[in-house]
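Only one structure is covered here, and it is reproduced in the block below.
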Amino acid sequence: MNSPQWPVELVDGDIVLRPIRLRDQKAWREVNRRNRDWLRPWEATIPPPTPSGPVIHRPTYRQMVRHLRSEANAGRMLPFVIEYQGRLVGQLTVAGITWGSMCSGHVGYWVDEAVAGRGVVPTAVAMVVDHCFRTVGLHRIEICIRPENGPSRRVVEKLGFREEGLRPRYLHIDGAWRDHLVYALTAEEVPDGLLARWRRARSQERPGHELPGRDRRNPGIPHSPGN
C-alpha cells in the first residue's frame, strides 16, 4: 500500500507515531524487558492448543515486524511505534481493518511505565483515530479493555469513547481467557477531530496515572477477527 494512508508519520509536539522498523529491535526489546512486570497483567498470551488446532508459537521480533508489514501492505493494519521526545516508548496498532459495509478497525497499544501519566497514550490514540477517520476512511474504531484496568478505562472515557458492553472471555490475557469491555467511536461523533477534543479535555484534567491502554496484544500472533 503506497498512499496517504500508509506509510505515514503522525506528530503532535513531543509525541510521534511512525511505522515500526526492523532496526527498532534493540530499543523495542529494551523497553519491553524493563517493563515486563508492568505489562504482564495486560499481555496477550497463547492459549493451550486444541486437539484439531494448529500449534502457535510466539513470534520473534523480526517475524512480528514482517507480519505487520505484510498486513499493512494488504491494507489490514497500521502498525506504529510510539516515540516521546525522540525515544521509542511503546507501540500502537490499528488492526482488523474491515471495509465494505463495516469500515472499521480496532486499536491496541502499550506504553513504557516511565512516561505513563504524561498524556502520551491518549494523544497517540487521538492522532491515529483522526487519521483513520479523515484519511483512511474508516467509520468506526473500537478499543477493548479489561474491566480491571480502571486507569485505561478513564483514558478512553476522557477521549469520548462510548462503553458498549461486555465481551465475556474475549481474549487470552496473562494466561487465561479474560472479559473485556468494548468502547467505540464513530466518525460522526468527532466532526472536529478527536485530537481537538482531547486537547480541550486535557486543559481541564488533573495529572493522572495511565496503564497500558487496551490489553496489549502481540499483533504478530494470528487471531480471530475483531479485537
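Every chain in the C-alpha cells takes a letter, A first, then B, and so on in the order presented; its residues are numbered from 1, and the ligands are numbered from 1 following the presented order.
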Between stretch 17-107 of chain A and stretch 127-130 of chain A, at 10 Å or less, what are the per-residue closest atom pairs and their distances in Å? Count only C-alpha atoms, order by chain and rising residue number, and return it as JSON lines.
{"residue": "A:Leu17", "atom": "CA", "partner": "A:Val128", "partner_atom": "CA", "distance": 8.2}
{"residue": "A:Leu78", "atom": "CA", "partner": "A:Val128", "partner_atom": "CA", "distance": 9.1}
{"residue": "A:Phe80", "atom": "CA", "partner": "A:Val128", "partner_atom": "CA", "distance": 9.4}
{"residue": "A:Leu92", "atom": "CA", "partner": "A:Val128", "partner_atom": "CA", "distance": 8.8}
{"residue": "A:Thr93", "atom": "CA", "partner": "A:Val128", "partner_atom": "CA", "distance": 9.1}
{"residue": "A:Val94", "atom": "CA", "partner": "A:Val128", "partner_atom": "CA", "distance": 8.1}
{"residue": "A:Gly105", "atom": "CA", "partner": "A:Val129", "partner_atom": "CA", "distance": 9.8}
{"residue": "A:His106", "atom": "CA", "partner": "A:Val129", "partner_atom": "CA", "distance": 9.8}
{"residue": "A:Val107", "atom": "CA", "partner": "A:Val129", "partner_atom": "CA", "distance": 8.7}
With all heavy atoms retained, write the just-selected residues as an mmCIF file, in the first residue's frame.
data_model
loop_
_atom_site.group_PDB
_atom_site.id
_atom_site.type_symbol
_atom_site.label_atom_id
_atom_site.label_comp_id
_atom_site.auth_asym_id
_atom_site.auth_seq_id
_atom_site.Cartn_x
_atom_site.Cartn_y
_atom_site.Cartn_z
ATOM 1 N N LEU A 17 4.022 9.084 16.071
ATOM 2 C CA LEU A 17 3.673 7.736 15.636
ATOM 3 C C LEU A 17 4.316 7.523 14.275
ATOM 4 O O LEU A 17 4.098 8.308 13.356
ATOM 5 C CB LEU A 17 2.157 7.562 15.516
ATOM 6 C CG LEU A 17 1.336 7.579 16.798
ATOM 7 C CD1 LEU A 17 -0.146 7.488 16.473
ATOM 8 C CD2 LEU A 17 1.735 6.441 17.715
ATOM 9 N N LEU A 78 -2.355 -0.858 10.555
ATOM 10 C CA LEU A 78 -1.481 0.310 10.585
ATOM 11 C C LEU A 78 -0.586 0.123 11.812
ATOM 12 O O LEU A 78 -0.982 0.462 12.928
ATOM 13 C CB LEU A 78 -2.288 1.610 10.699
ATOM 14 C CG LEU A 78 -3.341 1.879 9.627
ATOM 15 C CD1 LEU A 78 -4.116 3.157 9.956
ATOM 16 C CD2 LEU A 78 -2.692 2.005 8.251
ATOM 17 N N PHE A 80 2.304 1.041 14.208
ATOM 18 C CA PHE A 80 3.166 2.149 14.608
ATOM 19 C C PHE A 80 3.988 1.797 15.843
ATOM 20 O O PHE A 80 3.579 0.963 16.651
ATOM 21 C CB PHE A 80 2.325 3.379 14.992
ATOM 22 C CG PHE A 80 1.537 3.988 13.882
ATOM 23 C CD1 PHE A 80 0.194 3.672 13.710
ATOM 24 C CD2 PHE A 80 2.108 4.913 13.020
ATOM 25 C CE1 PHE A 80 -0.555 4.260 12.700
ATOM 26 C CE2 PHE A 80 1.365 5.509 12.010
ATOM 27 C CZ PHE A 80 0.031 5.184 11.847
ATOM 28 N N LEU A 92 1.641 1.058 18.993
ATOM 29 C CA LEU A 92 0.203 1.238 18.754
ATOM 30 C C LEU A 92 -0.112 0.650 17.386
ATOM 31 O O LEU A 92 0.555 0.982 16.407
ATOM 32 C CB LEU A 92 -0.183 2.711 18.815
ATOM 33 C CG LEU A 92 -1.682 3.031 18.664
ATOM 34 C CD1 LEU A 92 -2.044 4.309 19.424
ATOM 35 C CD2 LEU A 92 -2.087 3.179 17.195
ATOM 36 N N THR A 93 -1.117 -0.191 17.342
ATOM 37 C CA THR A 93 -1.505 -0.843 16.090
ATOM 38 C C THR A 93 -2.998 -0.687 15.864
ATOM 39 O O THR A 93 -3.799 -0.952 16.764
ATOM 40 C CB THR A 93 -1.149 -2.340 16.119
ATOM 41 O OG1 THR A 93 0.251 -2.492 16.352
ATOM 42 C CG2 THR A 93 -1.512 -3.012 14.798
ATOM 43 N N VAL A 94 -3.359 -0.250 14.676
ATOM 44 C CA VAL A 94 -4.747 -0.340 14.219
ATOM 45 C C VAL A 94 -4.841 -1.655 13.461
ATOM 46 O O VAL A 94 -4.157 -1.847 12.453
ATOM 47 C CB VAL A 94 -5.143 0.827 13.309
ATOM 48 C CG1 VAL A 94 -6.627 0.721 12.936
ATOM 49 C CG2 VAL A 94 -4.845 2.165 13.969
ATOM 50 N N GLY A 105 -12.103 -0.694 12.432
ATOM 51 C CA GLY A 105 -10.849 -1.265 12.885
ATOM 52 C C GLY A 105 -10.793 -1.170 14.392
ATOM 53 O O GLY A 105 -11.638 -0.532 15.020
ATOM 54 N N HIS A 106 -9.799 -1.814 14.993
ATOM 55 C CA HIS A 106 -9.646 -1.707 16.441
ATOM 56 C C HIS A 106 -8.215 -1.321 16.779
ATOM 57 O O HIS A 106 -7.273 -1.633 16.049
ATOM 58 C CB HIS A 106 -10.065 -2.991 17.156
ATOM 59 C CG HIS A 106 -9.402 -4.246 16.640
ATOM 60 N ND1 HIS A 106 -8.104 -4.584 16.926
ATOM 61 C CD2 HIS A 106 -9.886 -5.243 15.865
ATOM 62 C CE1 HIS A 106 -7.808 -5.742 16.364
ATOM 63 N NE2 HIS A 106 -8.861 -6.169 15.702
ATOM 64 N N VAL A 107 -8.069 -0.627 17.894
ATOM 65 C CA VAL A 107 -6.787 -0.067 18.304
ATOM 66 C C VAL A 107 -6.277 -0.806 19.541
ATOM 67 O O VAL A 107 -7.027 -1.033 20.492
ATOM 68 C CB VAL A 107 -6.921 1.444 18.608
ATOM 69 C CG1 VAL A 107 -5.636 1.984 19.241
ATOM 70 C CG2 VAL A 107 -7.243 2.217 17.334
#
Assign secondary structure with DSSP using the backbone only, and return the residues of chain A in strand (DSSP E or B) as a PyMOL selection string.
chain A and resi 3+6+10-12+15-19+43-44+78-84+87-98+104-111+140-145+162-173+176-186+216
Using only C-alpha atoms, which residues sit within 12 Å of A:Arg199 once same-chain residues fewer than 5 positions away are excluded, as a list in words?
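Selected residues are Asp12, Gly119, Pro122, Thr123, Ala126, Met127, Lys158, Leu159, Asp192, Gly193, Leu194, Gln204 and Glu205 of chain A.
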Residue contacts of A:Ser101 (10 Å, only C-alpha atoms) excluding same-chain residues fewer than 3 positions away, as a list in words:
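Using only C-alpha atoms, the neighbours found are Thr98, Ser104 and His139 of chain A.
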Selection export as an mmCIF file, in the first residue's frame, atoms kept: C-alpha atoms:
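Listed below is the output, selection_13.cif:
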data_model
loop_
_atom_site.group_PDB
_atom_site.id
_atom_site.type_symbol
_atom_site.label_atom_id
_atom_site.label_comp_id
_atom_site.auth_asym_id
_atom_site.auth_seq_id
_atom_site.Cartn_x
_atom_site.Cartn_y
_atom_site.Cartn_z
ATOM 1 C CA THR A 98 -12.501 -4.213 7.535
ATOM 2 C CA SER A 104 -13.993 -0.378 10.980
ATOM 3 C CA HIS A 139 -16.204 4.829 10.072
#
Provide the atom CA of A:Val182 to atom CA of A:Glu157 distance in Å, to one decimal place.
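For atom CA of A:Val182 relative to atom CA of A:Glu157, the distance reads 11.4 Å.
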Which of these residues is nearest to A:Asp37, using only C-alpha atoms: A:Asp112, A:His67, A:Arg134, A:Val55?
A:Asp112
I'd like the contact shell of A:Val156 - 10 Å cut-off, only C-alpha atoms, skipping same-chain residues fewer than 3 positions apart - returned as a list in words.
Val121, Pro122, Val125, Ala126, Ile143, Cys144, Ile145, Pro151, Ser152, Arg153, Leu159, Gly160, Phe161, Arg162, Glu163, Tyr183, Ala184, Leu185, Gly213 and Arg214 of chain A
From the options A:Arg34, A:Arg21, A:Arg178, A:Arg167, which residue's atoms come nearest to A:Val111, counting only C-alpha atoms?
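Nearest candidate to A:Val111 out of A:Arg34, A:Arg21, A:Arg178, A:Arg167: A:Arg34.
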Residues of stretch 39-157 of chain A in alpha helix (DSSP H), written as a PyMOL selection string:
chain A and resi 39+61-73+120-131+150-157
Just want the 9 Å neighbourhood of A:Val136, counted on only C-alpha atoms, with same-chain residues fewer than 5 positions away dropped. Output as a list of chain:residue names.
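Once the adjacent positions are removed, what remains is A:Pro4, A:Gln5, A:Trp6, A:His131.
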Pull N, CA and C atoms from the residues just selected and write them as a PDB file, in the first residue's frame.
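Output file selection01.pdb is given in full below:
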ATOM      1  N   PRO A   4      -1.662   8.005   0.910  1.00  0.00           N
ATOM      2  CA  PRO A   4      -1.659   8.845   2.120  1.00  0.00           C
ATOM      3  C   PRO A   4      -1.982   8.058   3.391  1.00  0.00           C
ATOM      4  N   GLN A   5      -2.541   6.848   3.243  1.00  0.00           N
ATOM      5  CA  GLN A   5      -2.904   6.041   4.405  1.00  0.00           C
ATOM      6  C   GLN A   5      -1.672   5.429   5.074  1.00  0.00           C
ATOM      7  N   TRP A   6      -0.711   4.962   4.246  1.00  0.00           N
ATOM      8  CA  TRP A   6       0.432   4.204   4.775  1.00  0.00           C
ATOM      9  C   TRP A   6       1.511   4.084   3.719  1.00  0.00           C
ATOM     10  N   HIS A 131      -6.561  10.093  11.937  1.00  0.00           N
ATOM     11  CA  HIS A 131      -6.010   9.587  10.675  1.00  0.00           C
ATOM     12  C   HIS A 131      -6.943   8.542  10.062  1.00  0.00           C
TER      13      HIS A 131
END
Pick out the closest residue to A:Arg146 from this set: A:Gly75, A:Ala44, A:Pro49, A:Glu188. Count only C-alpha atoms.
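Closest to A:Arg146, using only C-alpha atoms: A:Ala44.
In this structure, atom CA of A:Trp177 sits 9.3 Å away from atom CA of A:Thr45.
Computed from the coordinates, the atom CA of A:Arg76 to atom CA of A:Ile97 distance equals 4.7 Å.
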